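Student: mmCIF, C-alpha atoms, file input_3.cif:
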data_query
#
loop_
_atom_site.group_PDB
_atom_site.id
_atom_site.type_symbol
_atom_site.label_atom_id
_atom_site.label_comp_id
_atom_site.auth_asym_id
_atom_site.auth_seq_id
_atom_site.Cartn_x
_atom_site.Cartn_y
_atom_site.Cartn_z
ATOM 1 C CA MET A 1268 -6.380 -1.797 8.936
ATOM 2 C CA CYS A 1269 -4.679 1.638 8.689
ATOM 3 C CA GLY A 1270 -5.149 4.322 6.067
ATOM 4 C CA ILE A 1271 -2.382 6.084 4.167
ATOM 5 C CA ALA A 1272 -2.337 9.182 1.979
ATOM 6 C CA ALA A 1273 -0.006 11.438 0.032
ATOM 7 C CA ILE A 1274 -0.207 14.730 -1.819
ATOM 8 C CA TYR A 1275 2.582 15.337 -4.321
ATOM 9 C CA ASN A 1276 2.748 18.745 -5.976
ATOM 10 C CA ILE A 1277 4.002 18.576 -9.546
ATOM 11 C CA LYS A 1278 4.382 22.348 -9.664
ATOM 12 C CA GLU A 1279 3.477 25.347 -7.533
ATOM 13 C CA ASN A 1280 -0.266 25.896 -7.227
ATOM 14 C CA LYS A 1281 -2.943 27.282 -4.924
ATOM 15 C CA PHE A 1282 -3.831 23.858 -3.533
ATOM 16 C CA ASP A 1283 -3.391 23.972 0.265
ATOM 17 C CA SER A 1284 -1.678 20.606 0.706
ATOM 18 C CA VAL A 1285 -1.301 20.808 4.483
ATOM 19 C CA LYS A 1286 -4.982 21.481 5.131
ATOM 20 C CA ASN A 1287 -6.029 18.933 2.533
ATOM 21 C CA ILE A 1288 -3.865 16.097 3.874
ATOM 22 C CA GLN A 1289 -5.461 16.796 7.252
ATOM 23 C CA ARG A 1290 -8.920 16.666 5.666
ATOM 24 C CA ILE A 1291 -8.094 13.324 4.046
ATOM 25 C CA LEU A 1292 -6.820 11.833 7.307
ATOM 26 C CA LYS A 1293 -9.926 13.001 9.139
ATOM 27 C CA LYS A 1294 -12.085 11.297 6.506
ATOM 28 C CA ILE A 1295 -10.249 7.959 6.917
ATOM 29 C CA HIS A 1296 -9.818 8.160 10.694
ATOM 30 C CA HIS A 1297 -11.990 5.038 11.092
ATOM 31 C CA ARG A 1298 -9.240 3.008 9.408
ATOM 32 C CA GLY A 1299 -6.704 3.835 12.118
ATOM 33 C CA PRO A 1300 -7.886 5.304 15.424
ATOM 34 C CA ASP A 1301 -4.588 4.757 17.304
ATOM 35 C CA GLN A 1302 -2.466 7.407 15.581
ATOM 36 C CA GLN A 1303 -2.944 10.188 13.044
ATOM 37 C CA ASN A 1304 0.063 12.048 11.704
ATOM 38 C CA PHE A 1305 1.614 13.566 8.581
ATOM 39 C CA ILE A 1306 4.905 15.085 7.451
ATOM 40 C CA SER A 1307 5.736 17.620 4.767
ATOM 41 C CA VAL A 1308 8.994 17.224 2.821
ATOM 42 C CA ASN A 1309 9.719 19.461 -0.163
ATOM 43 C CA ASN A 1310 6.516 19.411 -2.207
ATOM 44 C CA CYS A 1311 5.355 16.062 -0.834
ATOM 45 C CA HIS A 1312 3.063 15.381 2.127
ATOM 46 C CA LEU A 1313 2.664 11.879 3.608
ATOM 47 C CA GLY A 1314 -0.080 10.952 6.081
ATOM 48 C CA ILE A 1315 -1.201 7.947 8.132
ATOM 49 C CA THR A 1316 -4.115 6.893 10.315
ATOM 50 C CA ARG A 1317 -2.718 3.899 12.166
ATOM 51 C CA LEU A 1318 -4.280 0.826 13.692
ATOM 52 C CA SER A 1319 -1.434 -0.431 15.894
ATOM 53 C CA ILE A 1320 -0.691 -4.155 15.532
ATOM 54 C CA ILE A 1321 3.123 -4.458 15.553
ATOM 55 C CA ASP A 1322 5.395 -2.385 17.841
ATOM 56 C CA LEU A 1323 2.750 -0.400 19.686
ATOM 57 C CA LYS A 1324 5.241 1.913 21.417
ATOM 58 C CA SER A 1325 7.746 2.977 18.750
ATOM 59 C CA GLY A 1326 6.122 1.997 15.460
ATOM 60 C CA ASN A 1327 4.337 5.268 14.729
ATOM 61 C CA GLN A 1328 4.476 6.585 11.168
ATOM 62 C CA PRO A 1329 5.585 8.227 8.929
ATOM 63 C CA ILE A 1330 9.045 6.725 9.451
ATOM 64 C CA THR A 1331 12.226 8.363 8.156
ATOM 65 C CA ASP A 1332 15.607 6.695 7.610
ATOM 66 C CA SER A 1333 18.729 7.815 9.469
ATOM 67 C CA THR A 1334 19.872 10.057 6.592
ATOM 68 C CA GLU A 1335 16.418 11.715 6.376
ATOM 69 C CA ARG A 1336 16.393 11.058 2.636
ATOM 70 C CA PHE A 1337 13.632 8.422 2.577
ATOM 71 C CA HIS A 1338 10.191 8.628 4.196
ATOM 72 C CA ILE A 1339 7.465 5.973 4.317
ATOM 73 C CA VAL A 1340 3.810 5.380 5.147
ATOM 74 C CA PHE A 1341 2.664 1.777 5.069
ATOM 75 C CA ASN A 1342 -0.631 -0.085 5.368
ATOM 76 C CA GLY A 1343 -0.569 -3.829 5.894
ATOM 77 C CA GLU A 1344 1.445 -6.527 7.564
ATOM 78 C CA ILE A 1345 4.689 -8.249 6.571
ATOM 79 C CA TYR A 1346 4.602 -11.775 7.978
ATOM 80 C CA ASN A 1347 8.324 -12.467 7.516
ATOM 81 C CA TYR A 1348 9.589 -9.065 8.667
ATOM 82 C CA LEU A 1349 11.669 -10.544 11.504
ATOM 83 C CA SER A 1350 13.686 -12.750 9.134
ATOM 84 C CA ILE A 1351 14.168 -9.813 6.730
ATOM 85 C CA LYS A 1352 15.247 -7.648 9.661
ATOM 86 C CA LYS A 1353 17.827 -10.237 10.672
ATOM 87 C CA LYS A 1354 19.174 -10.346 7.118
ATOM 88 C CA LEU A 1355 19.482 -6.549 7.062
ATOM 89 C CA GLU A 1356 21.153 -6.433 10.481
ATOM 90 C CA ASN A 1357 23.735 -8.867 9.137
ATOM 91 C CA LEU A 1358 24.362 -6.254 6.434
ATOM 92 C CA ASN A 1359 25.022 -3.637 9.154
ATOM 93 C CA VAL A 1360 21.625 -1.948 8.913
ATOM 94 C CA TYR A 1361 20.598 -0.295 12.200
ATOM 95 C CA PHE A 1362 16.985 -0.190 13.401
ATOM 96 C CA LYS A 1363 15.441 2.305 15.800
ATOM 97 C CA THR A 1364 12.033 0.585 16.037
ATOM 98 C CA ASN A 1365 10.683 -2.955 16.171
ATOM 99 C CA SER A 1366 8.110 -2.317 13.427
ATOM 100 C CA ASP A 1367 7.658 -4.028 10.092
ATOM 101 C CA THR A 1368 7.341 -0.555 8.523
ATOM 102 C CA GLU A 1369 10.983 0.269 9.177
ATOM 103 C CA VAL A 1370 11.965 -3.134 7.785
ATOM 104 C CA VAL A 1371 10.093 -2.306 4.561
ATOM 105 C CA LEU A 1372 11.825 1.079 4.292
ATOM 106 C CA ASN A 1373 15.316 -0.312 4.872
ATOM 107 C CA SER A 1374 14.619 -3.151 2.447
ATOM 108 C CA TYR A 1375 13.935 -0.601 -0.284
ATOM 109 C CA ILE A 1376 17.035 1.425 0.637
ATOM 110 C CA LYS A 1377 19.203 -1.724 0.516
ATOM 111 C CA TRP A 1378 17.764 -3.569 -2.493
ATOM 112 C CA GLY A 1379 15.876 -0.979 -4.539
ATOM 113 C CA GLU A 1380 12.893 -2.260 -6.517
ATOM 114 C CA ARG A 1381 13.882 -5.856 -5.724
ATOM 115 C CA PHE A 1382 12.777 -5.273 -2.117
ATOM 116 C CA VAL A 1383 9.251 -6.474 -2.946
ATOM 117 C CA ASP A 1384 10.629 -9.938 -3.710
ATOM 118 C CA GLU A 1385 11.550 -10.215 -0.028
ATOM 119 C CA LEU A 1386 8.102 -9.261 1.299
ATOM 120 C CA ASP A 1387 5.636 -11.951 2.328
ATOM 121 C CA GLY A 1388 2.438 -10.204 3.318
ATOM 122 C CA MET A 1389 -0.322 -7.785 2.376
ATOM 123 C CA PHE A 1390 0.621 -4.168 1.834
ATOM 124 C CA SER A 1391 0.242 -0.814 0.188
ATOM 125 C CA ILE A 1392 3.397 1.302 0.417
ATOM 126 C CA ILE A 1393 4.268 4.929 -0.300
ATOM 127 C CA ILE A 1394 7.952 5.935 -0.092
ATOM 128 C CA TYR A 1395 9.223 9.434 -0.823
ATOM 129 C CA ASP A 1396 12.827 9.977 -1.933
ATOM 130 C CA LYS A 1397 13.713 13.552 -0.970
ATOM 131 C CA ILE A 1398 16.888 13.798 -3.072
ATOM 132 C CA ASN A 1399 15.297 12.516 -6.284
ATOM 133 C CA ASP A 1400 11.944 14.180 -5.483
ATOM 134 C CA GLU A 1401 10.276 10.882 -6.354
ATOM 135 C CA LEU A 1402 7.459 8.722 -5.004
ATOM 136 C CA ILE A 1403 7.756 4.929 -5.002
ATOM 137 C CA VAL A 1404 4.340 3.296 -4.651
ATOM 138 C CA CYS A 1405 3.386 -0.375 -4.679
ATOM 139 C CA ARG A 1406 0.689 -2.838 -3.633
ATOM 140 C CA ASP A 1407 0.867 -6.498 -2.686
ATOM 141 C CA ARG A 1408 0.667 -9.303 -5.216
ATOM 142 C CA PHE A 1409 -3.110 -9.806 -5.074
ATOM 143 C CA GLY A 1410 -4.035 -6.211 -4.235
ATOM 144 C CA LYS A 1411 -5.484 -6.981 -0.800
ATOM 145 C CA LYS A 1412 -4.621 -3.525 0.497
ATOM 146 C CA PRO A 1413 -6.343 -0.750 -1.490
ATOM 147 C CA LEU A 1414 -4.720 2.393 -2.864
ATOM 148 C CA TYR A 1415 -6.077 5.001 -5.296
ATOM 149 C CA TYR A 1416 -4.842 8.174 -6.949
ATOM 150 C CA TYR A 1417 -6.123 11.352 -8.596
ATOM 151 C CA LYS A 1418 -3.868 13.265 -10.993
ATOM 152 C CA ASP A 1419 -4.096 16.547 -12.832
ATOM 153 C CA ASN A 1420 -1.436 18.869 -14.254
ATOM 154 C CA GLU A 1421 -0.540 20.305 -10.847
ATOM 155 C CA LYS A 1422 -0.751 17.515 -8.286
ATOM 156 C CA ILE A 1423 -1.259 13.867 -7.418
ATOM 157 C CA ILE A 1424 -3.469 12.830 -4.492
ATOM 158 C CA ILE A 1425 -3.112 9.281 -3.148
ATOM 159 C CA CYS A 1426 -5.327 7.606 -0.567
ATOM 160 C CA SER A 1427 -6.575 4.266 0.739
ATOM 161 C CA GLU A 1428 -10.175 5.294 -0.019
ATOM 162 C CA VAL A 1429 -11.818 6.916 -3.037
ATOM 163 C CA ARG A 1430 -14.332 8.859 -0.968
ATOM 164 C CA ALA A 1431 -11.591 10.719 0.916
ATOM 165 C CA ILE A 1432 -10.301 12.072 -2.411
ATOM 166 C CA ASN A 1433 -13.837 12.816 -3.567
ATOM 167 C CA ASN A 1434 -14.380 14.712 -0.309
ATOM 168 C CA LEU A 1435 -11.926 17.370 -1.547
ATOM 169 C CA ARG A 1436 -13.889 17.979 -4.741
ATOM 170 C CA ASN A 1437 -16.219 20.719 -3.515
ATOM 171 C CA ILE A 1438 -13.483 22.514 -1.571
ATOM 172 C CA ASN A 1439 -10.793 22.422 -4.247
ATOM 173 C CA SER A 1440 -12.655 22.048 -7.555
ATOM 174 C CA LEU A 1441 -11.068 18.707 -8.447
ATOM 175 C CA ASN A 1442 -11.838 17.610 -11.978
ATOM 176 C CA LEU A 1443 -13.928 14.561 -11.084
ATOM 177 C CA LYS A 1444 -16.515 13.021 -13.379
ATOM 178 C CA LEU A 1445 -18.578 9.890 -12.833
ATOM 179 C CA ASN A 1446 -17.367 6.847 -14.743
ATOM 180 C CA ASN A 1447 -20.593 5.474 -16.225
ATOM 181 C CA GLN A 1448 -18.988 2.265 -17.478
ATOM 182 C CA SER A 1449 -17.800 1.461 -13.958
ATOM 183 C CA TYR A 1450 -21.362 1.523 -12.668
ATOM 184 C CA TRP A 1451 -22.412 -0.999 -15.324
ATOM 185 C CA ASP A 1452 -19.375 -3.117 -14.451
ATOM 186 C CA TYR A 1453 -20.258 -3.032 -10.761
ATOM 187 C CA LEU A 1454 -23.872 -4.057 -11.401
ATOM 188 C CA THR A 1455 -22.620 -6.868 -13.642
ATOM 189 C CA PHE A 1456 -19.660 -8.220 -11.683
ATOM 190 C CA ARG A 1457 -20.296 -6.786 -8.178
ATOM 191 C CA TYR A 1458 -16.915 -5.059 -8.393
ATOM 192 C CA ILE A 1459 -15.100 -2.667 -10.763
ATOM 193 C CA PRO A 1460 -12.360 -4.551 -12.666
ATOM 194 C CA GLY A 1461 -8.974 -3.240 -13.754
ATOM 195 C CA GLU A 1462 -7.618 0.140 -12.717
ATOM 196 C CA GLN A 1463 -10.941 1.963 -13.028
ATOM 197 C CA THR A 1464 -13.064 3.339 -10.169
ATOM 198 C CA SER A 1465 -16.427 5.097 -10.025
ATOM 199 C CA TYR A 1466 -14.688 8.339 -11.144
ATOM 200 C CA ASN A 1467 -12.889 8.866 -14.449
ATOM 201 C CA ASN A 1468 -9.981 10.732 -12.862
ATOM 202 C CA ILE A 1469 -9.437 8.428 -9.863
ATOM 203 C CA LEU A 1470 -7.590 5.192 -10.622
ATOM 204 C CA LYS A 1471 -6.433 2.169 -8.638
ATOM 205 C CA PHE A 1472 -2.760 1.418 -8.257
ATOM 206 C CA ASP A 1473 -2.489 -1.998 -9.884
ATOM 207 C CA ARG A 1474 -1.704 -5.081 -7.792
ATOM 208 C CA GLY A 1475 1.782 -6.580 -8.017
ATOM 209 C CA THR A 1476 3.160 -3.404 -9.564
ATOM 210 C CA ILE A 1477 5.735 -0.766 -8.587
ATOM 211 C CA TYR A 1478 5.053 2.844 -9.603
ATOM 212 C CA ARG A 1479 7.697 5.550 -9.772
ATOM 213 C CA ILE A 1480 6.204 9.050 -9.771
ATOM 214 C CA LYS A 1481 8.363 12.058 -10.536
ATOM 215 C CA LYS A 1482 6.886 15.410 -11.511
ATOM 216 C CA ASN A 1483 4.391 14.729 -14.313
ATOM 217 C CA SER A 1484 5.733 11.252 -15.087
ATOM 218 C CA ILE A 1485 4.261 7.970 -13.811
ATOM 219 C CA ASN A 1486 6.230 4.827 -14.701
ATOM 220 C CA LYS A 1487 5.008 1.415 -13.643
ATOM 221 C CA LYS A 1488 6.610 -2.010 -13.622
ATOM 222 C CA LYS A 1489 4.943 -5.349 -12.937
ATOM 223 C CA TYR A 1490 6.928 -7.282 -10.331
ATOM 224 C CA TRP A 1491 4.653 -10.325 -9.984
ATOM 225 C CA ASP A 1492 1.840 -12.178 -11.706
ATOM 226 C CA ILE A 1493 0.072 -15.505 -11.270
ATOM 227 C CA ASN A 1494 2.026 -18.461 -12.634
ATOM 228 C CA PHE A 1495 -0.387 -21.323 -13.275
ATOM 229 C CA VAL A 1496 1.045 -24.836 -13.057
ATOM 230 C CA ASP A 1497 -0.667 -27.913 -14.489
ATOM 231 C CA THR A 1498 -1.125 -30.349 -11.587
ATOM 232 C CA LYS A 1499 -3.376 -32.969 -13.221
ATOM 233 C CA ASN A 1500 -0.576 -35.547 -13.139
ATOM 234 C CA PHE A 1501 0.303 -34.856 -9.480
ATOM 235 C CA ASN A 1502 -0.379 -37.596 -6.953
ATOM 236 C CA PRO A 1503 -3.631 -36.748 -5.038
ATOM 237 C CA ASP A 1504 -2.012 -37.565 -1.681
ATOM 238 C CA LYS A 1505 0.880 -35.261 -2.542
ATOM 239 C CA LYS A 1506 -1.608 -32.491 -3.367
ATOM 240 C CA LYS A 1507 -3.374 -32.905 -0.004
ATOM 241 C CA GLU A 1508 -0.104 -32.889 1.898
ATOM 242 C CA GLN A 1509 1.104 -29.800 0.042
ATOM 243 C CA PHE A 1510 -2.166 -27.984 0.709
ATOM 244 C CA LYS A 1511 -2.031 -28.919 4.406
ATOM 245 C CA THR A 1512 1.516 -27.515 4.711
ATOM 246 C CA LEU A 1513 0.644 -24.293 2.852
ATOM 247 C CA PHE A 1514 -2.540 -23.781 4.849
ATOM 248 C CA GLU A 1515 -0.902 -24.356 8.257
ATOM 249 C CA ASN A 1516 1.956 -22.012 7.396
ATOM 250 C CA SER A 1517 -0.517 -19.344 6.223
ATOM 251 C CA VAL A 1518 -2.374 -19.485 9.541
ATOM 252 C CA LYS A 1519 0.836 -19.343 11.601
ATOM 253 C CA LYS A 1520 2.070 -16.278 9.706
ATOM 254 C CA ARG A 1521 -1.098 -14.360 10.521
ATOM 255 C CA LEU A 1522 -0.812 -14.976 14.260
ATOM 256 C CA ILE A 1523 2.171 -12.611 14.635
ATOM 257 C CA SER A 1524 0.841 -9.636 16.611
ATOM 258 C CA ASP A 1525 1.451 -7.467 19.670
ATOM 259 C CA VAL A 1526 -2.300 -7.350 20.346
ATOM 260 C CA PRO A 1527 -4.955 -10.073 20.830
ATOM 261 C CA VAL A 1528 -5.870 -12.007 17.676
ATOM 262 C CA GLY A 1529 -9.393 -13.067 16.697
ATOM 263 C CA VAL A 1530 -10.812 -15.377 14.054
ATOM 264 C CA ILE A 1531 -13.861 -14.708 11.881
ATOM 265 C CA LEU A 1532 -15.524 -17.784 10.377
ATOM 266 C CA SER A 1533 -17.504 -17.206 7.193
ATOM 267 C CA GLY A 1534 -19.035 -20.670 6.949
ATOM 268 C CA GLY A 1535 -17.444 -21.103 3.548
ATOM 269 C CA LEU A 1536 -14.545 -23.167 2.208
ATOM 270 C CA ASP A 1537 -11.904 -21.333 4.266
ATOM 271 C CA SER A 1538 -13.740 -21.944 7.555
ATOM 272 C CA SER A 1539 -14.295 -25.604 6.680
ATOM 273 C CA ALA A 1540 -10.570 -25.973 6.042
#
Please go through the file and, once you have read it, give me the structure as structure tokens.

Tutor:
Amino acid sequence: MCGIAAIYNIKENKFDSVKNIQRILKKIHHRGPDQQNFISVNNCHLGITRLSIIDLKSGNQPITDSTERFHIVFNGEIYNYLSIKKKLENLNVYFKTNSDTEVVLNSYIKWGERFVDELDGMFSIIIYDKINDELIVCRDRFGKKPLYYYKDNEKIIICSEVRAINNLRNINSLNLKLNNQSYWDYLTFRYIPGEQTSYNNILKFDRGTIYRIKKNSINKKKYWDINFVDTKNFNPDKKKEQFKTLFENSVKKRLISDVPVGVILSGGLDSSA
């Protein structure tokens, strides 16, 4: 599952980022019991609690590129990372690990924002560019992997769980207020829609979107959305065959692992399929 976090200081303040990134990681330790680590670069601190699935020996995070300009923490799994890695190796990119995390980092270095077009998987990604003093943050197309952020005039705190950010409130006097509308939304829909959370000052990073964070500026760009196609005139047999191919490929992708794989059956439509 993994948990990732970042603290980015917009300007100098009394917020003890090192102690607080450690507090956050301790709070989300259950998400990744195999490794807990963080790095501090300039005014940015990146942390990870890792559940090891791919490259158990050398895939620990955060990962830094060979120039030490770019740093990454990553939660998720990239199903086609081996084919992307091969493409990058053909472009003379060198790898020091066998992890999908390093493939993600080098994809961004090589292709910039277009790197997400190459990724087939579920992910939340935080990359820090040391030279530009900039965070690049994105989530997968359907937002399967969670990621939240708190922002005030001095800092931005990012984490895989809201409660880990909320845990800092009493220690650091974060400006958190309950979002009353979100509670009504949850009771109505059984989830909180949009970018809102149960706190006014904690927001979700939107699915299918790339965020660039630099100082007090947050710019976001949608890289993907659902494209509905009218299939009423499609041959029913063609539909069944297409579904069968898509479904089988989806299952095969999710079997890539360096640890044993299990299956959970819900008894619903997916299990019946």

Student: Evaluate the PyMOL selection byres ((chain A and resi 1345-1359) around 10) here and jot the selected residues down as a ChimeraX atom specification.

Tutor: /A:1321,1342-1344,1360-1362,1365-1371,1373-1374,1377,1385-1390,1517,1519-1524

Student: Go ahead and dump the residues you just picked, C-alpha atoms, as an mmCIF file, in the coordinates of the input.

Tutor:
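selection-v2.cif written:
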data_model
loop_
_atom_site.group_PDB
_atom_site.id
_atom_site.type_symbol
_atom_site.label_atom_id
_atom_site.label_comp_id
_atom_site.auth_asym_id
_atom_site.auth_seq_id
_atom_site.Cartn_x
_atom_site.Cartn_y
_atom_site.Cartn_z
ATOM 1 C CA ILE A 1321 3.123 -4.458 15.553
ATOM 2 C CA ASN A 1342 -0.631 -0.085 5.368
ATOM 3 C CA GLY A 1343 -0.569 -3.829 5.894
ATOM 4 C CA GLU A 1344 1.445 -6.527 7.564
ATOM 5 C CA VAL A 1360 21.625 -1.948 8.913
ATOM 6 C CA TYR A 1361 20.598 -0.295 12.200
ATOM 7 C CA PHE A 1362 16.985 -0.190 13.401
ATOM 8 C CA ASN A 1365 10.683 -2.955 16.171
ATOM 9 C CA SER A 1366 8.110 -2.317 13.427
ATOM 10 C CA ASP A 1367 7.658 -4.028 10.092
ATOM 11 C CA THR A 1368 7.341 -0.555 8.523
ATOM 12 C CA GLU A 1369 10.983 0.269 9.177
ATOM 13 C CA VAL A 1370 11.965 -3.134 7.785
ATOM 14 C CA VAL A 1371 10.093 -2.306 4.561
ATOM 15 C CA ASN A 1373 15.316 -0.312 4.872
ATOM 16 C CA SER A 1374 14.619 -3.151 2.447
ATOM 17 C CA LYS A 1377 19.203 -1.724 0.516
ATOM 18 C CA GLU A 1385 11.550 -10.215 -0.028
ATOM 19 C CA LEU A 1386 8.102 -9.261 1.299
ATOM 20 C CA ASP A 1387 5.636 -11.951 2.328
ATOM 21 C CA GLY A 1388 2.438 -10.204 3.318
ATOM 22 C CA MET A 1389 -0.322 -7.785 2.376
ATOM 23 C CA PHE A 1390 0.621 -4.168 1.834
ATOM 24 C CA SER A 1517 -0.517 -19.344 6.223
ATOM 25 C CA LYS A 1519 0.836 -19.343 11.601
ATOM 26 C CA LYS A 1520 2.070 -16.278 9.706
ATOM 27 C CA ARG A 1521 -1.098 -14.360 10.521
ATOM 28 C CA LEU A 1522 -0.812 -14.976 14.260
ATOM 29 C CA ILE A 1523 2.171 -12.611 14.635
ATOM 30 C CA SER A 1524 0.841 -9.636 16.611
#

Student: Quick one: which residues end up in the PyMOL selection byres ((chain A and resi 1292-1308) around 7) for this structure, as a list in words?

Tutor: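 Those residues are Met1268, Cys1269, Gly1270, Ile1288, Gln1289, Arg1290, Ile1291, Asn1309, Asn1310, Cys1311, His1312, Leu1313, Gly1314, Ile1315, Thr1316, Arg1317, Leu1318, Ser1319, Pro1329 and Ala1431 of chain A.
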
Student: What is the distance between atom CA of A:Ile1274 and atom CA of A:Tyr1415, in Å to one decimal?

Tutor: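 So the two atoms, atom CA of A:Ile1274 and atom CA of A:Tyr1415, lie 11.9 Å apart.
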
Student: For atom CA of A:Lys1482 and atom CA of A:Ile1277, quote the distance in Å rounded to one decimal.

Tutor: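 Distance between the two atoms: 4.7 Å.
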
Student: For A:Thr1331, please output as a VMD selection string all residues within 10 Å (counting only C-alpha atoms; exclusion window: fewer than 2 positions along the same chain).

Tutor: chain A and resid 1306 1328 to 1329 1333 to 1340 1369 1372 to 1373 1394 to 1395

Student: Can you tell me, as a list in words, what residues are no more than 10 Å from A:Ile1493 when counting only C-alpha atoms, ignoring any on the same chain fewer than 2 positions away?

Tutor: Arg1408, Phe1409, Gly1475, Trp1491, Phe1495 and Val1496 of chain A

Student: Between atom CA of A:Phe1510 and atom CA of A:Gly1534, measure the distance and give it in Å to one decimal.

Tutor: 19.4 Å

Student: Mind telling me what the PyMOL selection byres ((chain A and resi 1477-1479) around 9) catches here, as a PyMOL selection string?

Tutor: chain A and resi 1380+1383+1401-1406+1472-1476+1480-1481+1484-1490

Student: Applying 10 Å and only C-alpha atoms, which residues near A:Asn1433 remain after dropping the ones on its own chain fewer than 5 positions away? List them as a list of chain:residue names.

Tutor: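 My list of contacting residues is A:Ile1291, A:Tyr1417, A:Glu1428, A:Ile1438, A:Leu1441, A:Asn1442, A:Leu1443, A:Tyr1466, A:Ile1469.
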
Student: Please enclose the listed atoms of stretch 1282-1294 of chain A in an axis-aligned box, pad each side by 5 Å, and write out the centre and the three edge lengths in Å, rounded to one decimal, as JSON.

Tutor:
{"center_x": -6.7, "center_y": 17.6, "center_z": 2.8, "size_x": 20.8, "size_y": 22.7, "size_z": 22.7}

Student: Which of these, A:Thr1512, A:Asn1483, A:Asn1502, A:Asn1280, has the shortest distance to A:Asp1400 once you count only C-alpha atoms?

Tutor: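 Once distances to A:Asp1400 are computed over only C-alpha atoms, the minimum belongs to A:Asn1483.
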
Student: Pick the closest to A:Ile1425 from A:Ala1272, A:Tyr1453, A:Thr1464, A:Phe1341: which is it, counting all atoms listed in the file?

Tutor: A:Ala1272

Student: When you count all atoms listed in the file, which of these residues is closest to A:Ser1391: A:Asp1419, A:Gly1326, A:Lys1471, A:Lys1499?

Tutor: A:Lys1471

Student: Which of these, A:Glu1515, A:Tyr1450, A:Glu1421, A:Tyr1416, has the shortest distance to A:Asn1468 once you count only C-alpha atoms?

Tutor: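 Result for the nearest residue to A:Asn1468: A:Tyr1416.
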
Student: Please fill the gaps in stretch 1441-1452 of chain A so it has N, CA, C and O atoms, and write that as a compact mmCIF listing (two decimals), in the coordinates of the input.

Tutor:
# COMPACT_ATOMS: atom_id res chain seq x y z
N LEU A 1441 -11.74 19.79 -7.74
CA LEU A 1441 -11.07 18.71 -8.45
C LEU A 1441 -11.89 18.33 -9.68
O LEU A 1441 -13.11 18.36 -9.67
N ASN A 1442 -11.18 17.94 -10.72
CA ASN A 1442 -11.84 17.61 -11.98
C ASN A 1442 -12.32 16.16 -11.95
O ASN A 1442 -11.72 15.27 -12.56
N LEU A 1443 -13.41 15.92 -11.23
CA LEU A 1443 -13.93 14.56 -11.08
C LEU A 1443 -15.23 14.41 -11.86
O LEU A 1443 -16.15 15.22 -11.73
N LYS A 1444 -15.30 13.34 -12.64
CA LYS A 1444 -16.52 13.02 -13.38
C LYS A 1444 -16.85 11.55 -13.14
O LYS A 1444 -15.96 10.70 -13.06
N LEU A 1445 -18.16 11.27 -13.04
CA LEU A 1445 -18.58 9.89 -12.83
C LEU A 1445 -18.19 9.02 -14.03
O LEU A 1445 -18.30 9.44 -15.18
N ASN A 1446 -17.73 7.81 -13.72
CA ASN A 1446 -17.37 6.85 -14.74
C ASN A 1446 -18.57 5.93 -14.97
O ASN A 1446 -18.80 4.99 -14.21
N ASN A 1447 -19.35 6.21 -16.00
CA ASN A 1447 -20.59 5.47 -16.23
C ASN A 1447 -20.36 3.99 -16.48
O ASN A 1447 -21.13 3.14 -16.03
N GLN A 1448 -19.28 3.66 -17.20
CA GLN A 1448 -18.99 2.26 -17.48
C GLN A 1448 -18.73 1.48 -16.19
O GLN A 1448 -19.11 0.31 -16.07
N SER A 1449 -18.10 2.13 -15.22
CA SER A 1449 -17.80 1.46 -13.96
C SER A 1449 -19.06 1.05 -13.21
O SER A 1449 -19.09 0.02 -12.53
N TYR A 1450 -20.10 1.88 -13.33
CA TYR A 1450 -21.36 1.52 -12.67
C TYR A 1450 -21.99 0.29 -13.32
O TYR A 1450 -22.52 -0.59 -12.64
N TRP A 1451 -21.93 0.20 -14.65
CA TRP A 1451 -22.41 -1.00 -15.32
C TRP A 1451 -21.57 -2.21 -14.93
O TRP A 1451 -22.10 -3.30 -14.70
N ASP A 1452 -20.26 -2.01 -14.86
CA ASP A 1452 -19.38 -3.12 -14.45
C ASP A 1452 -19.71 -3.60 -13.05
O ASP A 1452 -19.74 -4.81 -12.78
